[in-house]
Amino acid sequence: MSHARNSKPELRHDWSVDEVERLIARPFMDLLFEAQAVHRGHFDPHTIQVSTLLNIKTGGCAENCGYCSQSAHHDTELEREQLLDVDAVLADARKAKEAGIGRFCMGAAWRKPNDKDLDKVIAMIQGVKALGMESCVTLGMLTGEQALRLKEAGLDYYNHNLDTSREYYPQVVTTRSYDDRLDTLAHARKAGLSVCAGGILGLGETRRDRAAMLVELANLPSHPQSVPLNKLVKVPGTPMADLPDLDDLEFIRTVAAARIMMPASHVRLSAGREAMSDEAQALCFFAGANSLFYGDRLLTTDNATTDRDRDLFQRLDLHALAV
Ligand code: SAM
Ligand code: DTB
Ligand code: SF4
């Protein structure tokens, strides 16, 4: 069927790793110019979607993700905390709502939730929805049935990251498989939840691994509605604490490629902003990043502060998506 003039091109799901490696390697100015043009075809370039994060269960996680402060396999400074009370979580959500935040994201350091814990999370989701906010949770692996329960509770987004390429994955975590991650994403998608799925850059992976991760995401049956790109936050006591820093320009290239490949998705500038200059963040926005986590803390580590973000938005003429 032919398309009307000016209609948007179809979203692609047939990317190859070679093609995307070449895309990331294009001359920097050409890559960013194209990413910005694609961005403007789908979004208002002055608007950034903002979410706030709360860790609702801290530490003691059975998985051995090499980057994570919350894995029981690593000796980090983190104090464990059991699942928070619903009221405490909703008090935090109310504060976020008063600060004009549109989406409230709750994270739990679980390999997978049990059904009793899920009941409590469902009460949290219902409370967040009653405040008129969008809700997002990240709880580890889900069964199809659990994904449906979350959907019925009114959940909007499920976050579950692929983190890296299939090839590099065993260097990052060995307590679960890449296919486990893809299965959970399929359960979330089939339940009708919006999917938030991305990864971490700076885990010691190659550019080809970064390309392969983007190919996995873009070739899913539908593009994740939100694609978080995290820059590794090096946590003392984790096996990845002493890795060399990833060049911010390489991070920005990867943001641009994600924008070009998944043009209608929100590309989320996630962990790692605290260590980035204002100028590097500005280039991430130019490359097509259009959502972020707002608030002084991420899950267990510091975020760019709200004061700094307010100042940056003002200097870049950006505004938060109205809620
Ligand atoms: N346990 C659940 C899971 O892994 O899906 C949810 C919480 S987990 C902390 C959420 C995501 O945060 C991870 O998938 C990972 O991509 C990101 N993350 C965790 N620690 C990080 C770090 N030190 N630097 C950057 N990203 C990190
Ligand atoms: C995502 O991709 N990044 C967020 C959110 N999804 C849950 C979490 C970042 C965590 C950074 C490390 C920490 O604070 O523990
Ligand atoms: Fe557990 Fe998630 Fe941290 Fe992995 S990233 S150790 S699954 S909390």
# chains A, B, ... in the order shown; residues from 1 in each chain; ligands from 1
>>> residues_near_ligand(ligand="ligand 2", cutoff="8 Å", atoms="only C-alpha atoms and all ligand atoms", output="PyMOL selection string")
chain A and resi 53+68-70+105-107+137-138+159-161+196-200+227-230+232-233+270-272+293+297-303
>>> residues_around(residues="Ser165 (chain A)", least_positions_apart="5", cutoff="9 Å", atoms="only C-alpha atoms", output="NGL selection string")
:A and (178 or 205 or 208-216)
>>> closest_atom_pairs(of="chain A", to="ligand 3", cutoff="8 Å", atoms="only C-alpha atoms and all ligand atoms", output="CSV")
residue,atom,partner,partner_atom_place_in_ligand_line,distance
A:Thr58,CA,ligand 3,8 (S),7.9
A:Gly59,CA,ligand 3,8 (S),6.9
A:Gly60,CA,ligand 3,1 (Fe),7.9
A:Cys61,CA,ligand 3,1 (Fe),4.6
A:Ala62,CA,ligand 3,1 (Fe),6.4
A:Glu63,CA,ligand 3,6 (S),4.6
A:Asn64,CA,ligand 3,6 (S),5.3
A:Cys65,CA,ligand 3,4 (Fe),4.5
A:Gly66,CA,ligand 3,6 (S),7.6
A:Tyr67,CA,ligand 3,5 (S),7.4
A:Cys68,CA,ligand 3,3 (Fe),4.6
A:Ser69,CA,ligand 3,3 (Fe),6.5
A:Gln70,CA,ligand 3,3 (Fe),4.9
A:Ser71,CA,ligand 3,6 (S),3.9
A:Ala72,CA,ligand 3,6 (S),7.4
A:Ala108,CA,ligand 3,8 (S),6.5
A:Ala109,CA,ligand 3,8 (S),3.6
A:Trp110,CA,ligand 3,1 (Fe),5.4
A:Arg111,CA,ligand 3,7 (S),5.1
A:Leu139,CA,ligand 3,2 (Fe),7.7
A:Gly140,CA,ligand 3,7 (S),5.8
A:Val173,CA,ligand 3,4 (Fe),7.9
>>> residues_around(residues="Met124 (chain A)", least_positions_apart="4", cutoff="8 Å", atoms="only C-alpha atoms", output="PyMOL selection string")
chain A and resi 86+89-90+120+128
>>> write_last_selection(atoms="N, CA, C and O atoms", output="PDB file, in the first residue's frame")
ATOM      1  N   VAL A  86       2.968   0.717  52.235  1.00  0.00           N
ATOM      2  CA  VAL A  86       2.234   1.398  51.171  1.00  0.00           C
ATOM      3  C   VAL A  86       2.113   2.894  51.493  1.00  0.00           C
ATOM      4  O   VAL A  86       2.334   3.747  50.624  1.00  0.00           O
ATOM      5  N   VAL A  89       5.252   4.919  50.777  1.00  0.00           N
ATOM      6  CA  VAL A  89       5.468   5.078  49.334  1.00  0.00           C
ATOM      7  C   VAL A  89       4.533   6.155  48.784  1.00  0.00           C
ATOM      8  O   VAL A  89       4.937   7.028  48.011  1.00  0.00           O
ATOM      9  N   LEU A  90       3.288   6.121  49.237  1.00  0.00           N
ATOM     10  CA  LEU A  90       2.314   7.081  48.699  1.00  0.00           C
ATOM     11  C   LEU A  90       2.601   8.501  49.193  1.00  0.00           C
ATOM     12  O   LEU A  90       2.324   9.482  48.478  1.00  0.00           O
ATOM     13  N   LYS A 120       1.131  -6.134  47.704  1.00  0.00           N
ATOM     14  CA  LYS A 120       1.487  -4.820  48.286  1.00  0.00           C
ATOM     15  C   LYS A 120       1.855  -3.815  47.188  1.00  0.00           C
ATOM     16  O   LYS A 120       1.459  -2.657  47.234  1.00  0.00           O
ATOM     17  N   VAL A 128      -0.917   5.339  43.521  1.00  0.00           N
ATOM     18  CA  VAL A 128      -0.271   6.296  42.597  1.00  0.00           C
ATOM     19  C   VAL A 128      -1.275   6.715  41.519  1.00  0.00           C
ATOM     20  O   VAL A 128      -1.395   7.898  41.186  1.00  0.00           O
TER      21      VAL A 128
END
>>> select_by_dssp(residues="region 131-291 of chain A", states="helix (DSSP H, G or I)", output="VMD selection string")
chain A and resid 144 to 152 169 to 171 178 to 190 207 to 218 248 to 261 273 to 275 278 to 286
>>> select_by_dssp(residues="region 151-308 of chain A", states="strand (DSSP E)", output="PDB file with all heavy atoms, in the first residue's frame")
ATOM      1  N   TYR A 157       3.660   1.347  33.007  1.00  0.00           N
ATOM      2  CA  TYR A 157       4.940   0.916  32.426  1.00  0.00           C
ATOM      3  C   TYR A 157       5.591  -0.172  33.266  1.00  0.00           C
ATOM      4  O   TYR A 157       5.567  -0.109  34.500  1.00  0.00           O
ATOM      5  CB  TYR A 157       5.933   2.089  32.381  1.00  0.00           C
ATOM      6  CG  TYR A 157       5.627   3.095  31.297  1.00  0.00           C
ATOM      7  CD1 TYR A 157       4.650   4.062  31.486  1.00  0.00           C
ATOM      8  CD2 TYR A 157       6.308   3.082  30.089  1.00  0.00           C
ATOM      9  CE1 TYR A 157       4.354   4.986  30.495  1.00  0.00           C
ATOM     10  CE2 TYR A 157       6.026   4.008  29.098  1.00  0.00           C
ATOM     11  CZ  TYR A 157       5.047   4.946  29.305  1.00  0.00           C
ATOM     12  OH  TYR A 157       4.759   5.850  28.322  1.00  0.00           O
ATOM     13  N   TYR A 158       6.220  -1.143  32.579  1.00  0.00           N
ATOM     14  CA  TYR A 158       7.094  -2.091  33.277  1.00  0.00           C
ATOM     15  C   TYR A 158       8.518  -1.903  32.766  1.00  0.00           C
ATOM     16  O   TYR A 158       8.757  -1.961  31.566  1.00  0.00           O
ATOM     17  CB  TYR A 158       6.657  -3.551  33.060  1.00  0.00           C
ATOM     18  CG  TYR A 158       7.313  -4.443  34.092  1.00  0.00           C
ATOM     19  CD1 TYR A 158       6.843  -4.470  35.397  1.00  0.00           C
ATOM     20  CD2 TYR A 158       8.449  -5.185  33.782  1.00  0.00           C
ATOM     21  CE1 TYR A 158       7.471  -5.229  36.379  1.00  0.00           C
ATOM     22  CE2 TYR A 158       9.084  -5.955  34.759  1.00  0.00           C
ATOM     23  CZ  TYR A 158       8.580  -5.968  36.057  1.00  0.00           C
ATOM     24  OH  TYR A 158       9.214  -6.707  37.027  1.00  0.00           O
ATOM     25  N   ASN A 159       9.449  -1.638  33.686  1.00  0.00           N
ATOM     26  CA  ASN A 159      10.863  -1.489  33.298  1.00  0.00           C
ATOM     27  C   ASN A 159      11.608  -2.803  33.493  1.00  0.00           C
ATOM     28  O   ASN A 159      11.534  -3.428  34.548  1.00  0.00           O
ATOM     29  CB  ASN A 159      11.541  -0.393  34.135  1.00  0.00           C
ATOM     30  CG  ASN A 159      13.071  -0.454  34.020  1.00  0.00           C
ATOM     31  OD1 ASN A 159      13.749  -0.853  34.956  1.00  0.00           O
ATOM     32  ND2 ASN A 159      13.609  -0.117  32.861  1.00  0.00           N
ATOM     33  N   SER A 194       2.888  -0.814  28.803  1.00  0.00           N
ATOM     34  CA  SER A 194       3.932  -0.134  28.048  1.00  0.00           C
ATOM     35  C   SER A 194       5.263  -0.621  28.595  1.00  0.00           C
ATOM     36  O   SER A 194       5.409  -0.861  29.802  1.00  0.00           O
ATOM     37  CB  SER A 194       3.818   1.377  28.208  1.00  0.00           C
ATOM     38  OG  SER A 194       2.662   1.831  27.553  1.00  0.00           O
ATOM     39  N   VAL A 195       6.237  -0.777  27.691  1.00  0.00           N
ATOM     40  CA  VAL A 195       7.514  -1.369  28.080  1.00  0.00           C
ATOM     41  C   VAL A 195       8.599  -0.303  28.139  1.00  0.00           C
ATOM     42  O   VAL A 195       8.710   0.546  27.255  1.00  0.00           O
ATOM     43  CB  VAL A 195       7.904  -2.485  27.080  1.00  0.00           C
ATOM     44  CG1 VAL A 195       9.344  -2.913  27.248  1.00  0.00           C
ATOM     45  CG2 VAL A 195       6.967  -3.687  27.255  1.00  0.00           C
ATOM     46  N   CYS A 196       9.369  -0.349  29.220  1.00  0.00           N
ATOM     47  CA  CYS A 196      10.552   0.504  29.377  1.00  0.00           C
ATOM     48  C   CYS A 196      11.740  -0.451  29.399  1.00  0.00           C
ATOM     49  O   CYS A 196      11.881  -1.228  30.345  1.00  0.00           O
ATOM     50  CB  CYS A 196      10.442   1.288  30.683  1.00  0.00           C
ATOM     51  SG  CYS A 196      11.916   2.250  31.082  1.00  0.00           S
ATOM     52  N   GLY A 199      19.430  -0.262  28.577  1.00  0.00           N
ATOM     53  CA  GLY A 199      20.627  -0.901  29.095  1.00  0.00           C
ATOM     54  C   GLY A 199      21.596   0.065  29.725  1.00  0.00           C
ATOM     55  O   GLY A 199      21.276   1.229  29.976  1.00  0.00           O
ATOM     56  N   ILE A 200      22.799  -0.465  29.958  1.00  0.00           N
ATOM     57  CA  ILE A 200      23.863   0.312  30.612  1.00  0.00           C
ATOM     58  C   ILE A 200      25.044   0.371  29.650  1.00  0.00           C
ATOM     59  O   ILE A 200      25.427  -0.652  29.071  1.00  0.00           O
ATOM     60  CB  ILE A 200      24.312  -0.361  31.927  1.00  0.00           C
ATOM     61  CG1 ILE A 200      23.097  -0.713  32.803  1.00  0.00           C
ATOM     62  CG2 ILE A 200      25.277   0.529  32.681  1.00  0.00           C
ATOM     63  CD1 ILE A 200      23.476  -1.394  34.113  1.00  0.00           C
ATOM     64  N   LEU A 201      25.611   1.536  29.501  1.00  0.00           N
ATOM     65  CA  LEU A 201      26.809   1.694  28.679  1.00  0.00           C
ATOM     66  C   LEU A 201      27.995   1.930  29.620  1.00  0.00           C
ATOM     67  O   LEU A 201      27.843   2.567  30.666  1.00  0.00           O
ATOM     68  CB  LEU A 201      26.653   2.873  27.713  1.00  0.00           C
ATOM     69  CG  LEU A 201      25.329   2.926  26.930  1.00  0.00           C
ATOM     70  CD1 LEU A 201      25.331   4.113  25.963  1.00  0.00           C
ATOM     71  CD2 LEU A 201      25.079   1.631  26.167  1.00  0.00           C
ATOM     72  N   SER A 226       9.666   3.279  26.068  1.00  0.00           N
ATOM     73  CA  SER A 226      10.700   4.052  26.759  1.00  0.00           C
ATOM     74  C   SER A 226      12.002   3.245  26.703  1.00  0.00           C
ATOM     75  O   SER A 226      11.988   2.040  26.946  1.00  0.00           O
ATOM     76  CB  SER A 226      10.241   4.278  28.203  1.00  0.00           C
ATOM     77  OG  SER A 226      11.318   4.635  29.021  1.00  0.00           O
ATOM     78  N   VAL A 227      13.099   3.916  26.344  1.00  0.00           N
ATOM     79  CA  VAL A 227      14.391   3.231  26.200  1.00  0.00           C
ATOM     80  C   VAL A 227      15.417   3.914  27.114  1.00  0.00           C
ATOM     81  O   VAL A 227      16.030   4.916  26.726  1.00  0.00           O
ATOM     82  CB  VAL A 227      14.884   3.261  24.730  1.00  0.00           C
ATOM     83  CG1 VAL A 227      16.228   2.553  24.593  1.00  0.00           C
ATOM     84  CG2 VAL A 227      13.847   2.631  23.797  1.00  0.00           C
ATOM     85  N   PRO A 228      15.580   3.409  28.346  1.00  0.00           N
ATOM     86  CA  PRO A 228      16.546   4.039  29.243  1.00  0.00           C
ATOM     87  C   PRO A 228      17.978   3.671  28.859  1.00  0.00           C
ATOM     88  O   PRO A 228      18.293   2.496  28.654  1.00  0.00           O
ATOM     89  CB  PRO A 228      16.187   3.465  30.620  1.00  0.00           C
ATOM     90  CG  PRO A 228      15.485   2.186  30.348  1.00  0.00           C
ATOM     91  CD  PRO A 228      14.853   2.289  28.987  1.00  0.00           C
ATOM     92  N   LEU A 229      18.814   4.691  28.721  1.00  0.00           N
ATOM     93  CA  LEU A 229      20.239   4.447  28.526  1.00  0.00           C
ATOM     94  C   LEU A 229      20.950   4.962  29.771  1.00  0.00           C
ATOM     95  O   LEU A 229      20.914   6.157  30.087  1.00  0.00           O
ATOM     96  CB  LEU A 229      20.735   5.143  27.252  1.00  0.00           C
ATOM     97  CG  LEU A 229      20.140   4.558  25.958  1.00  0.00           C
ATOM     98  CD1 LEU A 229      20.637   5.313  24.725  1.00  0.00           C
ATOM     99  CD2 LEU A 229      20.439   3.055  25.810  1.00  0.00           C
ATOM    100  N   ASN A 230      21.526   4.024  30.501  1.00  0.00           N
ATOM    101  CA  ASN A 230      22.243   4.345  31.733  1.00  0.00           C
ATOM    102  C   ASN A 230      23.731   4.373  31.432  1.00  0.00           C
ATOM    103  O   ASN A 230      24.233   3.550  30.659  1.00  0.00           O
ATOM    104  CB  ASN A 230      22.001   3.253  32.782  1.00  0.00           C
ATOM    105  CG  ASN A 230      20.544   3.129  33.198  1.00  0.00           C
ATOM    106  OD1 ASN A 230      20.074   3.824  34.082  1.00  0.00           O
ATOM    107  ND2 ASN A 230      19.803   2.228  32.541  1.00  0.00           N
ATOM    108  N   LYS A 231      24.455   5.309  32.063  1.00  0.00           N
ATOM    109  CA  LYS A 231      25.912   5.218  32.034  1.00  0.00           C
ATOM    110  C   LYS A 231      26.305   4.614  33.377  1.00  0.00           C
ATOM    111  O   LYS A 231      25.798   5.053  34.424  1.00  0.00           O
ATOM    112  CB  LYS A 231      26.528   6.605  31.845  1.00  0.00           C
ATOM    113  CG  LYS A 231      28.024   6.536  31.652  1.00  0.00           C
ATOM    114  CD  LYS A 231      28.631   7.871  31.324  1.00  0.00           C
ATOM    115  CE  LYS A 231      30.142   7.745  31.387  1.00  0.00           C
ATOM    116  NZ  LYS A 231      30.817   9.026  31.398  1.00  0.00           N
ATOM    117  N   HIS A 266      10.392   7.232  23.679  1.00  0.00           N
ATOM    118  CA  HIS A 266      11.127   8.166  24.535  1.00  0.00           C
ATOM    119  C   HIS A 266      12.492   7.543  24.840  1.00  0.00           C
ATOM    120  O   HIS A 266      12.566   6.392  25.267  1.00  0.00           O
ATOM    121  CB  HIS A 266      10.362   8.423  25.831  1.00  0.00           C
ATOM    122  CG  HIS A 266       9.323   9.491  25.688  1.00  0.00           C
ATOM    123  ND1 HIS A 266       8.048   9.241  25.238  1.00  0.00           N
ATOM    124  CD2 HIS A 266       9.401  10.836  25.888  1.00  0.00           C
ATOM    125  CE1 HIS A 266       7.376  10.384  25.180  1.00  0.00           C
ATOM    126  NE2 HIS A 266       8.167  11.367  25.567  1.00  0.00           N
ATOM    127  N   VAL A 267      13.556   8.282  24.558  1.00  0.00           N
ATOM    128  CA  VAL A 267      14.903   7.809  24.910  1.00  0.00           C
ATOM    129  C   VAL A 267      15.267   8.496  26.228  1.00  0.00           C
ATOM    130  O   VAL A 267      15.271   9.723  26.319  1.00  0.00           O
ATOM    131  CB  VAL A 267      15.930   8.134  23.801  1.00  0.00           C
ATOM    132  CG1 VAL A 267      17.335   7.723  24.239  1.00  0.00           C
ATOM    133  CG2 VAL A 267      15.552   7.416  22.504  1.00  0.00           C
ATOM    134  N   ARG A 268      15.484   7.651  27.239  1.00  0.00           N
ATOM    135  CA  ARG A 268      15.612   8.178  28.605  1.00  0.00           C
ATOM    136  C   ARG A 268      17.074   8.258  29.034  1.00  0.00           C
ATOM    137  O   ARG A 268      17.771   7.244  29.083  1.00  0.00           O
ATOM    138  CB  ARG A 268      14.834   7.253  29.556  1.00  0.00           C
ATOM    139  CG  ARG A 268      14.885   7.628  31.024  1.00  0.00           C
ATOM    140  CD  ARG A 268      14.025   6.674  31.846  1.00  0.00           C
ATOM    141  NE  ARG A 268      12.638   6.761  31.437  1.00  0.00           N
ATOM    142  CZ  ARG A 268      11.783   7.676  31.879  1.00  0.00           C
ATOM    143  NH1 ARG A 268      12.169   8.566  32.767  1.00  0.00           N
ATOM    144  NH2 ARG A 268      10.543   7.698  31.435  1.00  0.00           N
ATOM    145  N   LEU A 269      17.504   9.461  29.342  1.00  0.00           N
ATOM    146  CA  LEU A 269      18.847   9.679  29.877  1.00  0.00           C
ATOM    147  C   LEU A 269      18.766   9.324  31.357  1.00  0.00           C
ATOM    148  O   LEU A 269      18.154  10.053  32.134  1.00  0.00           O
ATOM    149  CB  LEU A 269      19.192  11.155  29.650  1.00  0.00           C
ATOM    150  CG  LEU A 269      20.579  11.647  29.959  1.00  0.00           C
ATOM    151  CD1 LEU A 269      21.629  10.789  29.285  1.00  0.00           C
ATOM    152  CD2 LEU A 269      20.714  13.103  29.479  1.00  0.00           C
ATOM    153  N   SER A 291      13.725  12.087  27.846  1.00  0.00           N
ATOM    154  CA  SER A 291      13.125  11.882  29.154  1.00  0.00           C
ATOM    155  C   SER A 291      14.248  11.611  30.145  1.00  0.00           C
ATOM    156  O   SER A 291      15.374  11.279  29.751  1.00  0.00           O
ATOM    157  CB  SER A 291      12.078  10.762  29.132  1.00  0.00           C
ATOM    158  OG  SER A 291      12.688   9.526  28.999  1.00  0.00           O
ATOM    159  N   LEU A 292      13.947  11.804  31.424  1.00  0.00           N
ATOM    160  CA  LEU A 292      14.978  11.587  32.451  1.00  0.00           C
ATOM    161  C   LEU A 292      14.332  11.358  33.816  1.00  0.00           C
ATOM    162  O   LEU A 292      13.131  11.523  33.994  1.00  0.00           O
ATOM    163  CB  LEU A 292      15.966  12.748  32.511  1.00  0.00           C
ATOM    164  CG  LEU A 292      15.456  14.178  32.630  1.00  0.00           C
ATOM    165  CD1 LEU A 292      14.928  14.490  34.000  1.00  0.00           C
ATOM    166  CD2 LEU A 292      16.596  15.157  32.302  1.00  0.00           C
ATOM    167  N   PHE A 293      15.199  10.953  34.748  1.00  0.00           N
ATOM    168  CA  PHE A 293      14.772  10.813  36.142  1.00  0.00           C
ATOM    169  C   PHE A 293      15.127  12.094  36.875  1.00  0.00           C
ATOM    170  O   PHE A 293      16.275  12.540  36.844  1.00  0.00           O
ATOM    171  CB  PHE A 293      15.475   9.628  36.814  1.00  0.00           C
ATOM    172  CG  PHE A 293      15.028   8.302  36.275  1.00  0.00           C
ATOM    173  CD1 PHE A 293      15.893   7.489  35.571  1.00  0.00           C
ATOM    174  CD2 PHE A 293      13.719   7.869  36.467  1.00  0.00           C
ATOM    175  CE1 PHE A 293      15.475   6.271  35.063  1.00  0.00           C
ATOM    176  CE2 PHE A 293      13.291   6.651  35.957  1.00  0.00           C
ATOM    177  CZ  PHE A 293      14.168   5.863  35.262  1.00  0.00           C
TER     178      PHE A 293
END
>>> atom_distance(atom1="CA of Ile122 (chain A)", atom2="CA of Ala264 (chain A)")
29.0 Å
>>> residues_around(residues="Thr305 (chain A)", least_positions_apart="2", cutoff="9 Å", atoms="only C-alpha atoms", output="list of chain:residue names")
A:Glu274, A:Tyr294, A:Gly295, A:Asp296, A:Arg297, A:Asp302, A:Asn303, A:Asp307, A:Arg308, A:Asp309, A:Arg310
>>> residues_around(residues="Ala289 (chain A)", least_positions_apart="6", cutoff="12 Å", atoms="only C-alpha atoms", output="NGL selection string")
:A and (32 or 35-36 or 38-40 or 43-50 or 226-230 or 251-260 or 262-270 or 280-283 or 318)
>>> decode(residues="region 193-202 of chain A", atoms="all heavy atoms", output="mmCIF file, in the first residue's frame")
data_model
loop_
_atom_site.group_PDB
_atom_site.id
_atom_site.type_symbol
_atom_site.label_atom_id
_atom_site.label_comp_id
_atom_site.auth_asym_id
_atom_site.auth_seq_id
_atom_site.Cartn_x
_atom_site.Cartn_y
_atom_site.Cartn_z
ATOM 1 N N LEU A 193 0.992 -3.886 28.827
ATOM 2 C CA LEU A 193 1.728 -2.832 29.544
ATOM 3 C C LEU A 193 2.640 -2.097 28.567
ATOM 4 O O LEU A 193 3.135 -2.702 27.602
ATOM 5 C CB LEU A 193 2.600 -3.463 30.642
ATOM 6 C CG LEU A 193 1.833 -4.127 31.787
ATOM 7 C CD1 LEU A 193 2.774 -4.998 32.622
ATOM 8 C CD2 LEU A 193 1.192 -3.048 32.679
ATOM 9 N N SER A 194 2.888 -0.814 28.803
ATOM 10 C CA SER A 194 3.932 -0.134 28.048
ATOM 11 C C SER A 194 5.263 -0.621 28.595
ATOM 12 O O SER A 194 5.409 -0.861 29.802
ATOM 13 C CB SER A 194 3.818 1.377 28.208
ATOM 14 O OG SER A 194 2.662 1.831 27.553
ATOM 15 N N VAL A 195 6.237 -0.777 27.691
ATOM 16 C CA VAL A 195 7.514 -1.369 28.080
ATOM 17 C C VAL A 195 8.599 -0.303 28.139
ATOM 18 O O VAL A 195 8.710 0.546 27.255
ATOM 19 C CB VAL A 195 7.904 -2.485 27.080
ATOM 20 C CG1 VAL A 195 9.344 -2.913 27.248
ATOM 21 C CG2 VAL A 195 6.967 -3.687 27.255
ATOM 22 N N CYS A 196 9.369 -0.349 29.220
ATOM 23 C CA CYS A 196 10.552 0.504 29.377
ATOM 24 C C CYS A 196 11.740 -0.451 29.399
ATOM 25 O O CYS A 196 11.881 -1.228 30.345
ATOM 26 C CB CYS A 196 10.442 1.288 30.683
ATOM 27 S SG CYS A 196 11.916 2.250 31.082
ATOM 28 N N ALA A 197 12.553 -0.463 28.338
ATOM 29 C CA ALA A 197 13.659 -1.419 28.262
ATOM 30 C C ALA A 197 14.852 -0.782 27.574
ATOM 31 O O ALA A 197 14.711 -0.189 26.502
ATOM 32 C CB ALA A 197 13.241 -2.687 27.518
ATOM 33 N N GLY A 198 15.993 -0.893 28.213
ATOM 34 C CA GLY A 198 17.213 -0.331 27.647
ATOM 35 C C GLY A 198 18.413 -1.029 28.240
ATOM 36 O O GLY A 198 18.396 -2.257 28.404
ATOM 37 N N GLY A 199 19.430 -0.262 28.577
ATOM 38 C CA GLY A 199 20.627 -0.901 29.095
ATOM 39 C C GLY A 199 21.596 0.065 29.725
ATOM 40 O O GLY A 199 21.276 1.229 29.976
ATOM 41 N N ILE A 200 22.799 -0.465 29.958
ATOM 42 C CA ILE A 200 23.863 0.312 30.612
ATOM 43 C C ILE A 200 25.044 0.371 29.650
ATOM 44 O O ILE A 200 25.427 -0.652 29.071
ATOM 45 C CB ILE A 200 24.312 -0.361 31.927
ATOM 46 C CG1 ILE A 200 23.097 -0.713 32.803
ATOM 47 C CG2 ILE A 200 25.277 0.529 32.681
ATOM 48 C CD1 ILE A 200 23.476 -1.394 34.113
ATOM 49 N N LEU A 201 25.611 1.536 29.501
ATOM 50 C CA LEU A 201 26.809 1.694 28.679
ATOM 51 C C LEU A 201 27.995 1.930 29.620
ATOM 52 O O LEU A 201 27.843 2.567 30.666
ATOM 53 C CB LEU A 201 26.653 2.873 27.713
ATOM 54 C CG LEU A 201 25.329 2.926 26.930
ATOM 55 C CD1 LEU A 201 25.331 4.113 25.963
ATOM 56 C CD2 LEU A 201 25.079 1.631 26.167
ATOM 57 N N GLY A 202 29.163 1.386 29.225
ATOM 58 C CA GLY A 202 30.346 1.558 30.066
ATOM 59 C C GLY A 202 30.615 0.354 30.947
ATOM 60 O O GLY A 202 31.305 0.449 31.959
#
